[in-house]
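S.K.: This is the structure, below, for whatever I ask next.
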Amino acid sequence: DAKTTQPNSMESNEEEPVHLPCNHSTISGTDYIHWYRQLPSQGPEYVIHGLTSNVNNRMASLAIAEDRKSSTLILHRATLRDAAVYYCICSYGQNFVFGPGTRLSVLP
Amino acid sequence: EAGVTQFPSHSVIEKGQTVTLRCDPISGHDNLYWYRRVMGKEIKFLLHFVKESKQDESGMPNNRFLAERTGGTYSTLKVQPAELEDSGVYFCASSQEKPPTYNEQFFGPGTRLTVL
């Protein structure tokens, strides 16, 4: 599994877009890019995943660089409920290697 | 549909005692995973079941930890004897299939284990 690098923390204002970056320069061709988040006192929850192309779902968008060495999770309108730790994980298998993630604070 | 459930939510035991954690995956999910976060560290993979078989147990820290999944349904993780460094939050997750079919993992709320 590729090592990922994320900022330790980020801050956003409510109802503004948030771009959470992730670097994964050693990603292999078969590794998926997964994003999970962990709200306080809960287990991690799935946000989005991708392989090569940009992806959209009802929670977020995932923009993947052409060389796949980086990606960005986009929350289009942050809400207070989006305050969480966001984890970017690169793996083919599902035995995830979690890094420290990015702690997102959302200000009202 | 019920999510992944874990029992107990909290457990406080003394060093040297035995504790058994239980995980009930989402019905029909063949894959079951155990992870844990010890104090101040990142979430670490412990092991992976496919049905009742251990697919990968490379993350199990030592032989004080025993995981079982009899019948391929719920799983238990026993710690015997517990040590202080075992304190942390133990997460269970389940998913339907293996790669290349992509399946998201559904995590339970975790069991917080405190060893005194």
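Labels used: A, B, ... for chains in the order of the structure tokens, numbers from 1 for residues in each chain, and numbers from 1 for ligands as shown.
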Mind dumping a table of every chain B residue within 8 Å of chain A, with the nearest atom pair and its distance in Å to one decimal, using only C-alpha atoms, sorted by chain and rising number, as CSV?
M.R.:
residue,atom,partner,partner_atom,distance
B:Tyr33,CA,A:Asn95,CA,7.7
B:Glu42,CA,A:Pro100,CA,5.8
B:Ile43,CA,A:Phe98,CA,5.6
B:Lys44,CA,A:Val97,CA,6.5
B:Phe45,CA,A:Asn95,CA,6.3
B:Leu47,CA,A:Asn95,CA,7.8
B:His48,CA,A:Asn95,CA,7.2
B:Phe91,CA,A:Gly43,CA,6.8
B:Lys98,CA,A:Gly93,CA,7.6
B:Pro99,CA,A:Gly93,CA,6.5
B:Glu104,CA,A:Tyr46,CA,6.4
B:Gln105,CA,A:Tyr46,CA,6.9
B:Phe106,CA,A:Glu45,CA,6.5
B:Phe107,CA,A:Gly43,CA,5.4
B:Gly108,CA,A:Gly43,CA,5.5
B:Pro109,CA,A:Gly43,CA,4.5
B:Gly110,CA,A:Gly43,CA,6.1
S.K.: Can you tell me which residues surround Asn63 in chain B at a distance of at most 9 Å, considering only C-alpha atoms, apart from same-chain residues fewer than 3 positions away, and format the answer as a list in words?
M.R.: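 Near Asn63 in chain B, the qualifying residues are Met60, Leu66, Val79 and Gln80 of chain B.
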S.K.: Could you write those residues out with C-alpha atoms, as a PDB file, in the first residue's frame?
M.R.:
ATOM      1  CA  MET B  60      -2.111  -9.299  15.149  1.00  0.00           C
ATOM      2  CA  LEU B  66      -7.120 -14.707  19.394  1.00  0.00           C
ATOM      3  CA  VAL B  79      -7.239 -10.763  24.658  1.00  0.00           C
ATOM      4  CA  GLN B  80      -5.670 -13.064  27.245  1.00  0.00           C
TER       5      GLN B  80
END
S.K.: Need the shell around Pro25 in chain B: protein/DNA/RNA residues with any atom at most 9 Å away, counting only C-alpha atoms. Skip same-chain ones fewer than 6 positions apart. Format as a tab-separated table (two decimals) with C-alpha atoms, in the first residue's frame?
M.R.:
chain	number	residue	atom	x	y	z
B	2	ALA	CA	-28.63	-2.91	10.61
B	3	GLY	CA	-25.05	-1.77	10.47
B	4	VAL	CA	-22.01	-3.37	12.03
B	5	THR	CA	-22.50	-3.76	15.74
B	6	GLN	CA	-19.90	-4.26	18.43
B	31	ASN	CA	-15.36	-10.09	4.74
B	32	LEU	CA	-14.78	-9.09	8.33
B	73	THR	CA	-21.14	-14.86	10.96
B	74	TYR	CA	-20.13	-12.91	14.06
B	75	SER	CA	-16.55	-12.70	15.23
B	92	CYS	CA	-14.67	-4.06	13.37
B	93	ALA	CA	-15.60	-3.61	9.73
B	94	SER	CA	-17.30	-5.72	7.09
B	95	SER	CA	-17.63	-5.73	3.34
B	106	PHE	CA	-18.68	-0.54	6.90
B	107	PHE	CA	-17.24	0.11	10.32
B	108	GLY	CA	-18.79	-0.47	13.69
S.K.: Do a neighbour search on Thr111 in chain B at 9 Å with only C-alpha atoms, toss out local chain neighbours closer than 5 positions, and write the hits as a list of chain:residue names.
M.R.: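 Near neighbours after the sequence-gap exclusion: B:Gln6, B:Phe7, B:Pro8, B:Ser9, B:His10, B:Ser11, B:Leu21, B:Arg22, B:Gly88, B:Val89, B:Tyr90, B:Phe91, B:Cys92.
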S.K.: Would you export the selected residues with all heavy atoms as a compact mmCIF listing (two decimals), in the first residue's frame, please?
M.R.:
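Result file part-v8.txt:
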# COMPACT_ATOMS: atom_id res chain seq x y z
N GLN B 6 -20.99 -3.76 17.61
CA GLN B 6 -19.90 -4.26 18.43
C GLN B 6 -20.34 -4.24 19.89
O GLN B 6 -21.07 -3.34 20.33
CB GLN B 6 -18.65 -3.39 18.26
CG GLN B 6 -18.04 -3.49 16.87
CD GLN B 6 -16.72 -2.78 16.77
OE1 GLN B 6 -16.58 -1.80 16.03
NE2 GLN B 6 -15.73 -3.26 17.51
N PHE B 7 -19.88 -5.24 20.62
CA PHE B 7 -20.24 -5.35 22.02
C PHE B 7 -19.03 -5.82 22.81
O PHE B 7 -18.30 -6.70 22.35
CB PHE B 7 -21.38 -6.36 22.20
CG PHE B 7 -21.84 -6.48 23.62
CD1 PHE B 7 -22.73 -5.56 24.16
CD2 PHE B 7 -21.35 -7.49 24.44
CE1 PHE B 7 -23.13 -5.65 25.47
CE2 PHE B 7 -21.74 -7.60 25.77
CZ PHE B 7 -22.64 -6.67 26.28
N PRO B 8 -18.75 -5.25 24.00
CA PRO B 8 -19.45 -4.11 24.58
C PRO B 8 -18.97 -2.80 23.95
O PRO B 8 -18.02 -2.80 23.18
CB PRO B 8 -19.04 -4.20 26.04
CG PRO B 8 -17.66 -4.76 26.00
CD PRO B 8 -17.65 -5.73 24.85
N SER B 9 -19.59 -1.71 24.31
CA SER B 9 -19.11 -0.42 23.82
C SER B 9 -17.90 0.04 24.62
O SER B 9 -17.01 0.71 24.09
CB SER B 9 -20.22 0.63 23.89
OG SER B 9 -20.72 0.73 25.21
N HIS B 10 -17.89 -0.32 25.90
CA HIS B 10 -16.76 -0.01 26.76
C HIS B 10 -16.45 -1.24 27.62
O HIS B 10 -17.36 -1.97 28.00
CB HIS B 10 -17.06 1.15 27.71
CG HIS B 10 -17.19 2.47 27.04
ND1 HIS B 10 -18.36 2.91 26.48
CD2 HIS B 10 -16.28 3.46 26.84
CE1 HIS B 10 -18.18 4.11 25.96
NE2 HIS B 10 -16.92 4.47 26.16
N SER B 11 -15.18 -1.43 27.91
CA SER B 11 -14.77 -2.49 28.82
C SER B 11 -13.58 -2.01 29.63
O SER B 11 -12.61 -1.50 29.06
CB SER B 11 -14.41 -3.76 28.05
OG SER B 11 -14.03 -4.80 28.93
N LEU B 21 -14.17 -9.39 22.90
CA LEU B 21 -14.93 -8.39 22.16
C LEU B 21 -15.70 -9.12 21.06
O LEU B 21 -15.19 -10.06 20.46
CB LEU B 21 -13.98 -7.35 21.53
CG LEU B 21 -12.89 -6.79 22.45
CD1 LEU B 21 -12.06 -5.77 21.68
CD2 LEU B 21 -13.48 -6.19 23.69
N ARG B 22 -16.89 -8.62 20.79
CA ARG B 22 -17.72 -9.26 19.77
C ARG B 22 -18.06 -8.28 18.67
O ARG B 22 -18.30 -7.09 18.92
CB ARG B 22 -19.00 -9.81 20.38
CG ARG B 22 -19.99 -10.36 19.35
CD ARG B 22 -21.14 -11.10 19.94
NE ARG B 22 -22.14 -11.37 18.91
CZ ARG B 22 -22.88 -12.48 18.89
NH1 ARG B 22 -22.72 -13.41 19.82
NH2 ARG B 22 -23.78 -12.65 17.93
N GLY B 88 -7.22 0.83 24.19
CA GLY B 88 -7.47 1.56 22.95
C GLY B 88 -8.88 1.29 22.47
O GLY B 88 -9.71 0.78 23.21
N VAL B 89 -9.13 1.64 21.23
CA VAL B 89 -10.44 1.41 20.63
C VAL B 89 -10.29 0.35 19.55
O VAL B 89 -9.43 0.48 18.67
CB VAL B 89 -11.04 2.70 20.03
CG1 VAL B 89 -12.43 2.41 19.47
CG2 VAL B 89 -11.11 3.79 21.08
N TYR B 90 -11.11 -0.67 19.62
CA TYR B 90 -11.08 -1.77 18.67
C TYR B 90 -12.28 -1.65 17.74
O TYR B 90 -13.42 -1.64 18.18
CB TYR B 90 -11.11 -3.11 19.42
CG TYR B 90 -9.81 -3.37 20.15
CD1 TYR B 90 -9.51 -2.69 21.33
CD2 TYR B 90 -8.87 -4.26 19.65
CE1 TYR B 90 -8.31 -2.89 21.99
CE2 TYR B 90 -7.67 -4.49 20.30
CZ TYR B 90 -7.39 -3.79 21.47
OH TYR B 90 -6.19 -4.00 22.12
N PHE B 91 -11.98 -1.55 16.45
CA PHE B 91 -13.02 -1.41 15.44
C PHE B 91 -13.15 -2.69 14.64
O PHE B 91 -12.18 -3.35 14.33
CB PHE B 91 -12.68 -0.28 14.46
CG PHE B 91 -12.66 1.09 15.07
CD1 PHE B 91 -11.46 1.71 15.34
CD2 PHE B 91 -13.84 1.76 15.34
CE1 PHE B 91 -11.43 2.98 15.90
CE2 PHE B 91 -13.83 3.02 15.91
CZ PHE B 91 -12.62 3.63 16.18
N CYS B 92 -14.37 -2.97 14.27
CA CYS B 92 -14.67 -4.06 13.37
C CYS B 92 -15.28 -3.45 12.12
O CYS B 92 -15.98 -2.42 12.18
CB CYS B 92 -15.66 -5.01 14.05
SG CYS B 92 -16.27 -6.33 13.01
S.K.: Give the answer as one residue: which of B:Leu84, B:Glu57, B:Lys51, B:Val115 has the shortest atom-to-atom distance to Gly28 in chain B, using only C-alpha atoms?
M.R.: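 Looking at the shortest contact to Gly28 in chain B, the residue is B:Lys51.
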S.K.: Can you list, as a count of residues only, every protein, DNA or RNA residue that comes within 9 Å of range 54-64 of chain A when you count only C-alpha atoms, leaving out same-chain residues fewer than 5 positions away?
M.R.: 13
S.K.: Counting only C-alpha atoms, figure out which residue out of B:Ile13, B:Val19, B:Ala82, B:Val50 gets nearest to Thr70 in chain B.
M.R.: B:Val50
S.K.: What gap, in Å, lies between CA of Val85 in chain A and CA of Gly40 in chain B?
M.R.: 14.2 Å
S.K.: Report the distance between CA of Val18 in chain A and CA of Thr4 in chain A in Å, rounded to one decimal place.
M.R.: 19.0 Å
S.K.: Please identify all polymer residues within 10 Å of Asp86 in chain B, counting only C-alpha atoms, omitting same-chain residues fewer than 5 positions from it, and present them as a PyMOL selection string.
M.R.: chain B and resi 15+36-39+61+65+79+81+113-115
S.K.: Choose the residue, out of B:Glu52, B:Arg112, B:Leu77, B:Gly59, that has the smallest atom-to-atom separation from His29 in chain B; count only C-alpha atoms.
M.R.: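 Counting only C-alpha atoms, the residue closest to His29 in chain B is B:Glu52.
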